file entry.cif (mmCIF, C-alpha atoms and all ligand atoms)
data_model
loop_
_atom_site.group_PDB
_atom_site.id
_atom_site.type_symbol
_atom_site.label_atom_id
_atom_site.label_comp_id
_atom_site.auth_asym_id
_atom_site.auth_seq_id
_atom_site.Cartn_x
_atom_site.Cartn_y
_atom_site.Cartn_z
ATOM 1 C CA MET X 29 -50.364 40.466 299.019
ATOM 2 C CA ASN X 30 -53.299 40.399 296.601
ATOM 3 C CA PRO X 31 -54.397 36.696 296.736
ATOM 4 C CA ASN X 32 -54.875 36.632 292.962
ATOM 5 C CA GLN X 33 -51.265 37.735 292.481
ATOM 6 C CA ALA X 34 -50.049 35.263 295.103
ATOM 7 C CA LEU X 35 -51.835 32.394 293.348
ATOM 8 C CA TRP X 36 -50.150 33.073 290.002
ATOM 9 C CA GLU X 37 -46.726 33.896 291.421
ATOM 10 C CA LYS X 38 -46.814 30.568 293.237
ATOM 11 C CA GLY X 39 -44.877 27.834 291.468
ATOM 12 C CA ASP X 40 -43.768 28.691 287.966
ATOM 13 C CA PHE X 41 -46.411 28.986 285.269
ATOM 14 C CA THR X 42 -43.685 29.216 282.596
ATOM 15 C CA ARG X 43 -43.335 25.413 282.968
ATOM 16 C CA ILE X 44 -46.960 24.934 281.876
ATOM 17 C CA ALA X 45 -46.716 27.693 279.257
ATOM 18 C CA ALA X 46 -43.821 25.787 277.663
ATOM 19 C CA THR X 47 -46.358 23.099 276.680
ATOM 20 C CA MET X 48 -48.718 25.669 275.132
ATOM 21 C CA ARG X 49 -46.493 27.250 272.466
ATOM 22 C CA ARG X 50 -47.792 25.447 269.360
ATOM 23 C CA SER X 51 -51.412 26.462 269.981
ATOM 24 C CA GLY X 52 -50.283 29.933 271.103
ATOM 25 C CA GLU X 53 -48.655 30.451 267.720
ATOM 26 C CA ALA X 54 -51.726 29.183 265.858
ATOM 27 C CA LEU X 55 -53.947 31.455 267.905
ATOM 28 C CA ALA X 56 -51.729 34.468 267.183
ATOM 29 C CA ARG X 57 -51.966 33.724 263.440
ATOM 30 C CA SER X 58 -55.761 33.660 263.719
ATOM 31 C CA LEU X 59 -55.939 37.179 265.205
ATOM 32 C CA GLY X 60 -55.521 38.960 261.887
ATOM 33 C CA VAL X 61 -52.847 41.379 263.100
ATOM 34 C CA GLY X 62 -50.304 43.046 260.851
ATOM 35 C CA SER X 63 -47.436 45.436 261.028
ATOM 36 C CA GLY X 64 -48.099 48.127 263.610
ATOM 37 C CA THR X 65 -51.394 46.732 264.965
ATOM 38 C CA LYS X 66 -51.539 47.871 268.583
ATOM 39 C CA VAL X 67 -52.252 44.872 270.791
ATOM 40 C CA LEU X 68 -52.754 44.509 274.535
ATOM 41 C CA ASP X 69 -52.425 40.949 275.858
ATOM 42 C CA LEU X 70 -54.096 40.891 279.248
ATOM 43 C CA GLY X 71 -53.125 38.154 281.688
ATOM 44 C CA CYS X 72 -50.368 37.390 279.207
ATOM 45 C CA GLY X 73 -48.238 35.055 281.352
ATOM 46 C CA ASP X 74 -44.783 34.811 279.792
ATOM 47 C CA GLY X 75 -46.100 35.623 276.330
ATOM 48 C CA THR X 76 -47.567 32.463 274.803
ATOM 49 C CA THR X 77 -49.833 34.677 272.665
ATOM 50 C CA ALA X 78 -47.971 37.998 272.941
ATOM 51 C CA LEU X 79 -44.657 36.779 271.544
ATOM 52 C CA PRO X 80 -45.920 35.161 268.315
ATOM 53 C CA THR X 81 -48.265 38.151 267.847
ATOM 54 C CA ALA X 82 -45.254 40.478 268.004
ATOM 55 C CA ARG X 83 -43.425 38.223 265.529
ATOM 56 C CA LEU X 84 -46.272 38.949 263.096
ATOM 57 C CA GLY X 85 -45.348 42.641 263.312
ATOM 58 C CA ALA X 86 -47.865 43.891 265.885
ATOM 59 C CA ASP X 87 -46.833 46.352 268.567
ATOM 60 C CA VAL X 88 -47.617 44.333 271.705
ATOM 61 C CA LEU X 89 -47.924 45.190 275.384
ATOM 62 C CA GLY X 90 -48.350 42.242 277.752
ATOM 63 C CA VAL X 91 -49.894 42.975 281.139
ATOM 64 C CA ASP X 92 -49.970 40.422 283.912
ATOM 65 C CA ILE X 93 -50.476 40.521 287.659
ATOM 66 C CA ALA X 94 -47.597 38.106 288.362
ATOM 67 C CA ARG X 95 -44.217 39.798 288.625
ATOM 68 C CA ASN X 96 -42.272 36.589 287.838
ATOM 69 C CA LEU X 97 -44.216 36.087 284.593
ATOM 70 C CA VAL X 98 -43.713 39.714 283.526
ATOM 71 C CA ASP X 99 -39.976 39.251 284.070
ATOM 72 C CA ALA X 100 -40.010 35.964 282.144
ATOM 73 C CA GLY X 101 -41.894 37.646 279.287
ATOM 74 C CA ASN X 102 -39.412 40.492 279.071
ATOM 75 C CA ARG X 103 -36.551 37.957 279.029
ATOM 76 C CA ARG X 104 -38.214 36.062 276.169
ATOM 77 C CA ALA X 105 -38.805 39.311 274.210
ATOM 78 C CA LYS X 106 -35.138 40.223 274.601
ATOM 79 C CA GLU X 107 -33.919 36.752 273.600
ATOM 80 C CA ALA X 108 -36.168 36.891 270.533
ATOM 81 C CA GLY X 109 -34.832 40.360 269.654
ATOM 82 C CA LEU X 110 -38.361 41.798 269.582
ATOM 83 C CA SER X 111 -38.310 45.537 270.307
ATOM 84 C CA ASN X 112 -42.063 45.715 269.528
ATOM 85 C CA LEU X 113 -42.946 43.554 272.558
ATOM 86 C CA ARG X 114 -42.869 44.553 276.226
ATOM 87 C CA PHE X 115 -44.420 43.299 279.420
ATOM 88 C CA GLN X 116 -45.496 45.206 282.503
ATOM 89 C CA GLN X 117 -47.205 44.337 285.737
ATOM 90 C CA GLY X 118 -50.856 45.302 286.054
ATOM 91 C CA ASP X 119 -54.261 44.165 287.237
ATOM 92 C CA ALA X 120 -57.023 43.459 284.704
ATOM 93 C CA THR X 121 -59.600 44.831 287.141
ATOM 94 C CA GLU X 122 -57.908 48.203 287.248
ATOM 95 C CA LEU X 123 -55.636 49.027 284.298
ATOM 96 C CA ARG X 124 -54.330 52.194 285.882
ATOM 97 C CA ASP X 125 -51.524 53.106 283.493
ATOM 98 C CA VAL X 126 -53.346 52.209 280.283
ATOM 99 C CA PRO X 127 -55.025 55.133 278.495
ATOM 100 C CA ASP X 128 -58.573 54.951 277.082
ATOM 101 C CA ARG X 129 -59.021 53.731 273.472
ATOM 102 C CA SER X 130 -55.333 52.945 273.058
ATOM 103 C CA PHE X 131 -55.424 49.471 271.414
ATOM 104 C CA ASP X 132 -56.716 48.050 268.127
ATOM 105 C CA LEU X 133 -56.989 44.638 269.748
ATOM 106 C CA VAL X 134 -57.210 43.487 273.338
ATOM 107 C CA VAL X 135 -56.559 39.779 273.628
ATOM 108 C CA SER X 136 -56.813 37.657 276.735
ATOM 109 C CA ILE X 137 -56.295 33.914 276.452
ATOM 110 C CA PHE X 138 -57.116 32.138 279.731
ATOM 111 C CA GLY X 139 -55.906 35.353 281.409
ATOM 112 C CA ALA X 140 -58.491 37.982 282.400
ATOM 113 C CA MET X 141 -60.936 35.159 283.150
ATOM 114 C CA PHE X 142 -58.917 34.523 286.333
ATOM 115 C CA ALA X 143 -59.190 38.096 287.654
ATOM 116 C CA PRO X 144 -61.770 38.840 290.346
ATOM 117 C CA ARG X 145 -64.612 41.323 289.672
ATOM 118 C CA PRO X 146 -65.495 40.278 286.104
ATOM 119 C CA ALA X 147 -67.767 43.282 285.537
ATOM 120 C CA ASP X 148 -64.796 45.593 286.125
ATOM 121 C CA VAL X 149 -62.606 43.470 283.845
ATOM 122 C CA ALA X 150 -65.133 43.761 280.987
ATOM 123 C CA LYS X 151 -65.310 47.543 281.475
ATOM 124 C CA GLN X 152 -61.533 47.869 281.485
ATOM 125 C CA MET X 153 -61.127 45.820 278.312
ATOM 126 C CA VAL X 154 -63.724 47.956 276.527
ATOM 127 C CA ARG X 155 -62.259 51.200 277.876
ATOM 128 C CA VAL X 156 -58.781 50.578 276.487
ATOM 129 C CA THR X 157 -59.969 49.352 273.046
ATOM 130 C CA ARG X 158 -60.397 51.994 270.343
ATOM 131 C CA PRO X 159 -63.829 52.309 268.695
ATOM 132 C CA GLY X 160 -63.740 49.976 265.708
ATOM 133 C CA GLY X 161 -61.263 47.725 267.515
ATOM 134 C CA ARG X 162 -61.789 44.216 268.863
ATOM 135 C CA ILE X 163 -61.518 42.181 272.030
ATOM 136 C CA VAL X 164 -60.709 38.466 271.767
ATOM 137 C CA MET X 165 -60.932 36.265 274.854
ATOM 138 C CA GLY X 166 -60.193 32.570 275.251
ATOM 139 C CA ASN X 167 -62.063 31.152 278.228
ATOM 140 C CA TRP X 168 -62.333 27.645 279.637
ATOM 141 C CA ILE X 169 -65.864 26.249 279.719
ATOM 142 C CA PRO X 170 -67.470 24.954 282.912
ATOM 143 C CA GLY X 171 -68.478 21.310 282.757
ATOM 144 C CA ASP X 172 -66.591 20.742 279.499
ATOM 145 C CA PRO X 173 -65.245 17.173 279.413
ATOM 146 C CA THR X 174 -61.733 18.167 278.226
ATOM 147 C CA LEU X 175 -58.547 18.724 280.223
ATOM 148 C CA VAL X 176 -58.545 22.114 281.896
ATOM 149 C CA ALA X 177 -62.216 22.300 282.888
ATOM 150 C CA GLN X 178 -61.859 18.806 284.341
ATOM 151 C CA ILE X 179 -58.638 19.642 286.246
ATOM 152 C CA LEU X 180 -60.427 22.602 287.833
ATOM 153 C CA LYS X 181 -63.568 20.546 288.520
ATOM 154 C CA ILE X 182 -61.709 17.616 290.089
ATOM 155 C CA SER X 183 -59.487 19.973 292.108
ATOM 156 C CA SER X 184 -62.464 21.896 293.484
ATOM 157 C CA ALA X 185 -63.715 18.718 295.166
ATOM 158 C CA TYR X 186 -60.497 18.647 297.239
ATOM 159 C CA THR X 187 -60.308 22.327 298.206
ATOM 160 C CA PRO X 188 -62.300 24.168 300.850
ATOM 161 C CA PRO X 189 -65.326 26.107 299.547
ATOM 162 C CA PRO X 190 -64.336 29.565 298.271
ATOM 163 C CA PRO X 191 -65.114 32.651 300.382
ATOM 164 C CA GLU X 192 -68.610 34.106 300.152
ATOM 165 C CA GLY X 193 -69.044 36.350 297.129
ATOM 166 C CA PHE X 194 -66.364 34.520 295.113
ATOM 167 C CA VAL X 195 -67.272 34.449 291.426
ATOM 168 C CA SER X 196 -65.991 31.386 289.587
ATOM 169 C CA PRO X 197 -63.600 32.262 286.723
ATOM 170 C CA MET X 198 -65.321 29.527 284.726
ATOM 171 C CA LEU X 199 -68.411 31.733 284.293
ATOM 172 C CA TRP X 200 -66.413 33.528 281.575
ATOM 173 C CA GLY X 201 -67.022 30.315 279.619
ATOM 174 C CA VAL X 202 -70.825 30.791 279.699
ATOM 175 C CA GLU X 203 -72.139 32.815 276.747
ATOM 176 C CA LYS X 204 -75.061 34.380 278.670
ATOM 177 C CA GLU X 205 -72.674 35.616 281.410
ATOM 178 C CA VAL X 206 -70.199 37.006 278.897
ATOM 179 C CA THR X 207 -72.988 38.893 277.123
ATOM 180 C CA ALA X 208 -74.228 40.332 280.439
ATOM 181 C CA ARG X 209 -70.723 41.407 281.487
ATOM 182 C CA PHE X 210 -70.013 43.208 278.238
ATOM 183 C CA GLY X 211 -73.575 44.568 278.316
ATOM 184 C CA GLY X 212 -72.550 46.295 281.547
ATOM 185 C CA ALA X 213 -69.805 47.964 279.502
ATOM 186 C CA ASP X 214 -72.326 49.216 276.889
ATOM 187 C CA ILE X 215 -71.627 46.502 274.316
ATOM 188 C CA ALA X 216 -74.766 45.277 272.525
ATOM 189 C CA PRO X 217 -75.248 41.495 272.273
ATOM 190 C CA GLU X 218 -75.006 41.539 268.467
ATOM 191 C CA LYS X 219 -71.435 42.852 268.774
ATOM 192 C CA ILE X 220 -70.371 39.643 270.520
ATOM 193 C CA SER X 221 -69.688 36.338 268.789
ATOM 194 C CA PHE X 222 -68.726 32.962 270.158
ATOM 195 C CA ALA X 223 -66.883 29.934 268.813
ATOM 196 C CA ARG X 224 -65.613 26.711 270.335
ATOM 197 C CA GLU X 225 -61.945 26.098 269.575
ATOM 198 C CA THR X 226 -59.162 23.770 270.678
ATOM 199 C CA PHE X 227 -55.926 24.510 272.508
ATOM 200 C CA THR X 228 -53.398 21.687 272.777
ATOM 201 C CA PHE X 229 -50.851 21.005 275.530
ATOM 202 C CA ASP X 230 -47.760 19.268 274.103
ATOM 203 C CA CYS X 231 -44.709 17.844 275.798
ATOM 204 C CA GLU X 232 -42.162 15.079 275.627
ATOM 205 C CA GLY X 233 -42.745 12.181 278.021
ATOM 206 C CA PRO X 234 -45.903 10.462 279.258
ATOM 207 C CA PRO X 235 -49.092 12.192 280.464
ATOM 208 C CA ALA X 236 -48.009 11.516 284.066
ATOM 209 C CA GLY X 237 -45.025 13.784 283.393
ATOM 210 C CA LEU X 238 -47.314 16.637 282.355
ATOM 211 C CA LEU X 239 -49.412 16.067 285.468
ATOM 212 C CA ALA X 240 -46.234 16.246 287.566
ATOM 213 C CA GLU X 241 -45.549 19.674 286.026
ATOM 214 C CA PHE X 242 -49.046 20.840 287.030
ATOM 215 C CA ARG X 243 -48.647 19.418 290.540
ATOM 216 C CA THR X 244 -45.263 21.097 291.046
ATOM 217 C CA TYR X 245 -45.635 24.387 289.175
ATOM 218 C CA TYR X 246 -49.294 25.356 288.500
ATOM 219 C CA GLY X 247 -50.661 27.483 291.377
ATOM 220 C CA PRO X 248 -54.269 26.208 291.342
ATOM 221 C CA THR X 249 -53.156 22.537 291.198
ATOM 222 C CA MET X 250 -50.492 23.134 293.873
ATOM 223 C CA ASN X 251 -53.196 24.571 296.140
ATOM 224 C CA ALA X 252 -55.488 21.617 295.469
ATOM 225 C CA PHE X 253 -52.727 19.154 296.421
ATOM 226 C CA GLU X 254 -51.871 21.141 299.556
ATOM 227 C CA ALA X 255 -55.518 21.003 300.663
ATOM 228 C CA ALA X 256 -55.789 17.315 299.708
ATOM 229 C CA GLU X 257 -52.606 16.502 301.668
ATOM 230 C CA LYS X 258 -54.021 18.175 304.787
ATOM 231 C CA ALA X 259 -57.141 16.045 304.429
ATOM 232 C CA GLY X 260 -55.073 12.888 303.759
ATOM 233 C CA ARG X 261 -56.540 12.646 300.241
ATOM 234 C CA ALA X 262 -53.578 13.572 298.021
ATOM 235 C CA ASP X 263 -53.340 10.020 296.618
ATOM 236 C CA ASP X 264 -56.994 10.148 295.575
ATOM 237 C CA LEU X 265 -56.466 13.465 293.812
ATOM 238 C CA GLN X 266 -53.341 12.120 292.093
ATOM 239 C CA ARG X 267 -55.263 9.034 290.938
ATOM 240 C CA GLU X 268 -58.193 11.043 289.543
ATOM 241 C CA LEU X 269 -55.891 13.410 287.671
ATOM 242 C CA ASP X 270 -53.681 10.568 286.392
ATOM 243 C CA THR X 271 -56.764 8.924 284.898
ATOM 244 C CA LEU X 272 -57.870 12.212 283.340
ATOM 245 C CA PHE X 273 -54.473 13.036 281.770
ATOM 246 C CA ALA X 274 -54.063 9.497 280.383
ATOM 247 C CA LYS X 275 -57.624 9.452 278.996
ATOM 248 C CA GLU X 276 -57.236 12.836 277.259
ATOM 249 C CA ASN X 277 -53.816 12.133 275.723
ATOM 250 C CA ARG X 278 -53.996 11.919 271.917
ATOM 251 C CA SER X 279 -50.300 11.568 271.080
ATOM 252 C CA ALA X 280 -49.507 8.887 268.527
ATOM 253 C CA ARG X 281 -46.026 8.590 270.074
ATOM 254 C CA PRO X 282 -45.697 6.566 273.286
ATOM 255 C CA ASP X 283 -42.952 8.917 274.547
ATOM 256 C CA ALA X 284 -44.921 12.143 274.059
ATOM 257 C CA THR X 285 -48.079 13.805 275.318
ATOM 258 C CA SER X 286 -50.537 15.889 273.344
ATOM 259 C CA ILE X 287 -53.768 16.861 275.071
ATOM 260 C CA PRO X 288 -56.395 19.013 273.331
ATOM 261 C CA ALA X 289 -58.743 21.142 275.403
ATOM 262 C CA THR X 290 -61.856 22.977 274.252
ATOM 263 C CA PHE X 291 -62.311 26.669 275.002
ATOM 264 C CA LEU X 292 -64.825 29.396 274.237
ATOM 265 C CA ARG X 293 -63.458 32.060 271.914
ATOM 266 C CA VAL X 294 -65.239 35.358 272.480
ATOM 267 C CA THR X 295 -64.913 38.174 269.944
ATOM 268 C CA VAL X 296 -66.266 41.609 270.773
ATOM 269 C CA ALA X 297 -66.530 44.397 268.181
ATOM 270 C CA VAL X 298 -66.065 47.651 270.068
HETATM 271 C C1 LIG B 301 -53.608 30.321 282.923
HETATM 272 S S1 LIG B 301 -52.490 31.664 282.889
HETATM 273 C C2 LIG B 301 -52.481 32.077 281.164
HETATM 274 C C3 LIG B 301 -51.327 32.907 280.742
HETATM 275 C C4 LIG B 301 -51.210 33.214 279.239
HETATM 276 N N1 LIG B 301 -52.324 33.999 278.741
HETATM 277 C C5 LIG B 301 -51.041 31.958 278.454
HETATM 278 O O1 LIG B 301 -51.952 31.614 277.672
HETATM 279 O O2 LIG B 301 -50.011 31.300 278.613
HETATM 280 C C6 LIG B 301 -53.425 32.950 283.655
HETATM 281 C C7 LIG B 301 -52.707 34.275 283.699
HETATM 282 O O3 LIG B 301 -53.579 35.316 284.131
HETATM 283 C C8 LIG B 301 -52.862 36.156 284.993
HETATM 284 N N2 LIG B 301 -53.792 36.894 285.846
HETATM 285 C C9 LIG B 301 -54.606 36.370 286.799
HETATM 286 N N3 LIG B 301 -55.304 37.367 287.390
HETATM 287 C C10 LIG B 301 -54.930 38.524 286.787
HETATM 288 C C11 LIG B 301 -55.297 39.891 286.957
HETATM 289 N N4 LIG B 301 -56.170 40.263 287.898
HETATM 290 N N5 LIG B 301 -54.711 40.810 286.171
HETATM 291 C C12 LIG B 301 -53.784 40.455 285.246
HETATM 292 N N6 LIG B 301 -53.390 39.185 285.055
HETATM 293 C C13 LIG B 301 -53.963 38.229 285.795
HETATM 294 C C14 LIG B 301 -51.963 35.201 285.763
HETATM 295 O O4 LIG B 301 -50.903 35.831 286.405
HETATM 296 C C15 LIG B 301 -51.523 34.247 284.668
HETATM 297 O O5 LIG B 301 -50.371 34.689 283.998
#

call {"tool": "encode", "arguments": {"input": "entry.cif", "output": "C-alpha cells"}}
result
Amino acid sequence: MNPNQALWEKGDFTRIAATMRRSGEALARSLGVGSGTKVLDLGCGDGTTALPTARLGADVLGVDIARNLVDAGNRRAKEAGLSNLRFQQGDATELRDVPDRSFDLVVSIFGAMFAPRPADVAKQMVRVTRPGGRIVMGNWIPGDPTLVAQILKISSAYTPPPPEGFVSPMLWGVEKEVTARFGGADIAPEKISFARETFTFDCEGPPAGLLAEFRTYYGPTMNAFEAAEKAGRADDLQRELDTLFAKENRSARPDATSIPATFLRVTVAV
C-alpha cells in the first residue's frame, strides 16, 4: 500500500479531529463562502473544515487518501443531513477524477502538506481551481514553539532518518518554499499572501489525556512511539511530550485541555 495512505489509515485520526472542531468552525467562517460556492477540501480528514463549510451553504467535496476518514466524513455528512457535502478517496498529488477549473475555492488545512511530491500538489491545486478562484492552505511551521511543530520535532528525534529524497511536510510552512512551489504552477508571487493564525485543540480531561489520544490514534505519533519502544526510549519520548502538552495547555479549567498552535495561512489568488 501507498505508505502515505498507510500512515493516515493507521490508528484513528477522527479521535484527534474531535478536538479540532471549534477552530475548524471558526476557520470555515473565515473562508467567505456562501450558498453554492464550490469548494474542494483536500486532505479533509473526517471533515473538520468541510462540514462547517457545507453548513454555510457551500457545495463541498472532501478528498482524502485515507479510506477510513472518507467513510467517517460521509457518515458525519449523513448524520448532519447535509446533501451538499460528500467525501471521496483521492491523492492530492494526482487528482485523477477532478476536472480542471472546477472549484471556486480549494482549501487544505494541515492536509495537502502531508502529501509527497509538493510540486505536483501545488500544480494539482491550481489546476482544479477556476481562474478568479482561491486556494487557502493551513500549514504547520517548522521550528515554531507551539504544539504540533514541537510534537513533530520531538518525534523526529526518536524515529529513523527518512529515506533519501524525502521532502519534509513542514517545508509547506516556509513562505519562500510555498512561493517557489506555486511559482512552478505559474502563480506569480504577488498572488500569494501569508498570515500567522491559531488553531486550538480542545478536550475534556488533562493534557496527558490528549497526549494519550495522540499516542494511541495519531499515525505519526504512533510510529514515533513504535520506533522509540524498539530503541528502549519510549519513556523518554513520553516524558518529553508530557512536558510539552502540559506547558502548552491554556485551559482555565483544571479538568479540561485547550492548546493553541500557530500555523501559516496561505492564500493564493488563481
Ligand atoms: C493532520 S490530518 C488533517 C485532516 C483535516 N484537514 C483536519 O483538519 O482535520 C492530515 C490529512 O491529510 C490526509 N492526506 C495525507 N496525504 C494525503 C494525500 N496524498 N492526498 C490526500 N490526502 C492526504 C490524511 O489522510 C489526513 O486526513

call {"tool": "closest_residue", "arguments": {"input": "entry.cif", "among": "X:Ala236, X:Arg49, X:Thr249, X:Glu254", "to": "Asp270 in chain X", "atoms": "only C-alpha atoms"}}
result
X:Ala236

call {"tool": "residues_near_ligand", "arguments": {"input": "entry.cif", "ligand": "ligand LIG 301 (chain B)", "cutoff": "6 Å", "atoms": "only C-alpha atoms and all ligand atoms", "output": "list in words"}}
result
Asn32, Trp36, Ala45, Gly71, Cys72, Gly73, Thr76, Asp92, Ile93, Ala94, Gly118, Asp119, Ala120, Thr121, Ile137, Phe138, Gly139, Ala140, Phe142 and Ala143 of chain X

call {"tool": "residues_near_point", "arguments": {"input": "entry.cif", "point": "(-44.6, 32.3, 282.7)", "cutoff": "10 Å", "atoms": "only C-alpha atoms", "output": "list in words"}}
result
Trp36, Glu37, Gly39, Asp40, Phe41, Thr42, Arg43, Ile44, Ala45, Ala46, Cys72, Gly73, Asp74, Gly75, Thr76, Asp92, Ala94, Arg95, Asn96, Leu97, Val98, Asp99, Ala100, Gly101 and Arg104 of chain X

call {"tool": "closest_atom_pairs", "arguments": {"input": "entry.cif", "of": "range 165-275 of chain X", "to": "range 52-62 of chain X", "cutoff": "12 Å", "atoms": "only C-alpha atoms", "output": "CSV"}}
result
residue,atom,partner,partner_atom,distance
X:Met165,CA,X:Leu59,CA,10.9
X:Gly166,CA,X:Leu55,CA,9.7
X:Glu225,CA,X:Leu55,CA,9.8
X:Thr226,CA,X:Leu55,CA,9.7
X:Phe227,CA,X:Gly52,CA,8.0
X:Thr228,CA,X:Gly52,CA,9.0
X:Phe229,CA,X:Gly52,CA,10.0
X:Asp230,CA,X:Gly52,CA,11.4

call {"tool": "closest_residue", "arguments": {"input": "entry.cif", "among": "X:Thr77, X:Thr65, X:Val298, X:Gly161", "to": "Ser51 in chain X", "atoms": "all atoms listed in the file"}}
result
X:Thr77

call {"tool": "resolve_selection", "arguments": {"input": "entry.cif", "expression": "the PyMOL selection byres (((chain X and resi 177) around 12) and not hetatm)", "output": "PyMOL selection string"}}
result
chain X and resi 138+167-176+178-184+196-199+201+269+272+288-292

call {"tool": "residues_near_point", "arguments": {"input": "entry.cif", "point": "(-65.6, 40.5, 295.6)", "cutoff": "7 Å", "atoms": "all atoms listed in the file", "output": "list of chain:residue names"}}
result
X:Pro144, X:Arg145, X:Gly193, X:Phe194

call {"tool": "residues_around", "arguments": {"input": "entry.cif", "residues": "Ser221 in chain X", "least_positions_apart": "5", "cutoff": "9 Å", "atoms": "only C-alpha atoms", "output": "PDB file with C-alpha atoms, keeping the file's coordinate frame"}}
result
ATOM      1  CA  ARG X 293     -63.458  32.060 271.914  1.00  0.00           C
ATOM      2  CA  VAL X 294     -65.239  35.358 272.480  1.00  0.00           C
ATOM      3  CA  THR X 295     -64.913  38.174 269.944  1.00  0.00           C
ATOM      4  CA  VAL X 296     -66.266  41.609 270.773  1.00  0.00           C
ATOM      5  CA  ALA X 297     -66.530  44.397 268.181  1.00  0.00           C
TER       6      ALA X 297
END

call {"tool": "atom_distance", "arguments": {"input": "entry.cif", "atom1": "CA of Ala105 in chain X", "atom2": "CA of Gly90 in chain X"}}
result
10.6 Å

call {"tool": "build_atoms", "arguments": {"input": "entry.cif", "residues": "range 237-243 of chain X", "atoms": "all heavy atoms", "output": "mmCIF file, in the coordinates of the input"}}
result
data_model
loop_
_atom_site.group_PDB
_atom_site.id
_atom_site.type_symbol
_atom_site.label_atom_id
_atom_site.label_comp_id
_atom_site.auth_asym_id
_atom_site.auth_seq_id
_atom_site.Cartn_x
_atom_site.Cartn_y
_atom_site.Cartn_z
ATOM 1 N N GLY X 237 -46.055 12.751 283.300
ATOM 2 C CA GLY X 237 -45.025 13.784 283.393
ATOM 3 C C GLY X 237 -45.642 15.178 283.321
ATOM 4 O O GLY X 237 -45.242 16.091 284.053
ATOM 5 N N LEU X 238 -46.629 15.334 282.451
ATOM 6 C CA LEU X 238 -47.314 16.637 282.355
ATOM 7 C C LEU X 238 -48.067 16.917 283.651
ATOM 8 O O LEU X 238 -48.033 18.034 284.178
ATOM 9 C CB LEU X 238 -48.266 16.648 281.147
ATOM 10 C CG LEU X 238 -49.038 17.953 280.925
ATOM 11 C CD1 LEU X 238 -48.112 19.158 280.731
ATOM 12 C CD2 LEU X 238 -49.981 17.832 279.721
ATOM 13 N N LEU X 239 -48.719 15.889 284.188
ATOM 14 C CA LEU X 239 -49.412 16.067 285.468
ATOM 15 C C LEU X 239 -48.417 16.480 286.562
ATOM 16 O O LEU X 239 -48.711 17.359 287.383
ATOM 17 C CB LEU X 239 -50.158 14.781 285.859
ATOM 18 C CG LEU X 239 -50.749 14.754 287.275
ATOM 19 C CD1 LEU X 239 -51.646 15.966 287.552
ATOM 20 C CD2 LEU X 239 -51.520 13.456 287.517
ATOM 21 N N ALA X 240 -47.243 15.886 286.556
ATOM 22 C CA ALA X 240 -46.234 16.246 287.566
ATOM 23 C C ALA X 240 -45.874 17.733 287.452
ATOM 24 O O ALA X 240 -45.671 18.415 288.463
ATOM 25 C CB ALA X 240 -44.989 15.377 287.399
ATOM 26 N N GLU X 241 -45.822 18.235 286.210
ATOM 27 C CA GLU X 241 -45.549 19.674 286.026
ATOM 28 C C GLU X 241 -46.674 20.504 286.653
ATOM 29 O O GLU X 241 -46.418 21.496 287.334
ATOM 30 C CB GLU X 241 -45.431 20.014 284.532
ATOM 31 C CG GLU X 241 -44.234 19.411 283.834
ATOM 32 C CD GLU X 241 -42.922 20.096 284.220
ATOM 33 O OE1 GLU X 241 -42.662 21.213 283.733
ATOM 34 O OE2 GLU X 241 -42.164 19.491 285.002
ATOM 35 N N PHE X 242 -47.919 20.114 286.424
ATOM 36 C CA PHE X 242 -49.046 20.840 287.030
ATOM 37 C C PHE X 242 -48.961 20.769 288.561
ATOM 38 O O PHE X 242 -49.137 21.766 289.248
ATOM 39 C CB PHE X 242 -50.392 20.258 286.549
ATOM 40 C CG PHE X 242 -50.905 20.860 285.257
ATOM 41 C CD1 PHE X 242 -50.409 20.437 284.027
ATOM 42 C CD2 PHE X 242 -51.866 21.851 285.265
ATOM 43 C CE1 PHE X 242 -50.872 21.000 282.827
ATOM 44 C CE2 PHE X 242 -52.339 22.423 284.081
ATOM 45 C CZ PHE X 242 -51.841 21.989 282.858
ATOM 46 N N ARG X 243 -48.669 19.594 289.088
ATOM 47 C CA ARG X 243 -48.647 19.418 290.540
ATOM 48 C C ARG X 243 -47.539 20.264 291.182
ATOM 49 O O ARG X 243 -47.681 20.773 292.299
ATOM 50 C CB ARG X 243 -48.445 17.929 290.875
ATOM 51 C CG ARG X 243 -48.488 17.666 292.373
ATOM 52 C CD ARG X 243 -48.496 16.191 292.722
ATOM 53 N NE ARG X 243 -48.489 16.033 294.178
ATOM 54 C CZ ARG X 243 -48.762 14.933 294.833
ATOM 55 N NH1 ARG X 243 -49.081 13.841 294.171
ATOM 56 N NH2 ARG X 243 -48.726 14.895 296.164
#
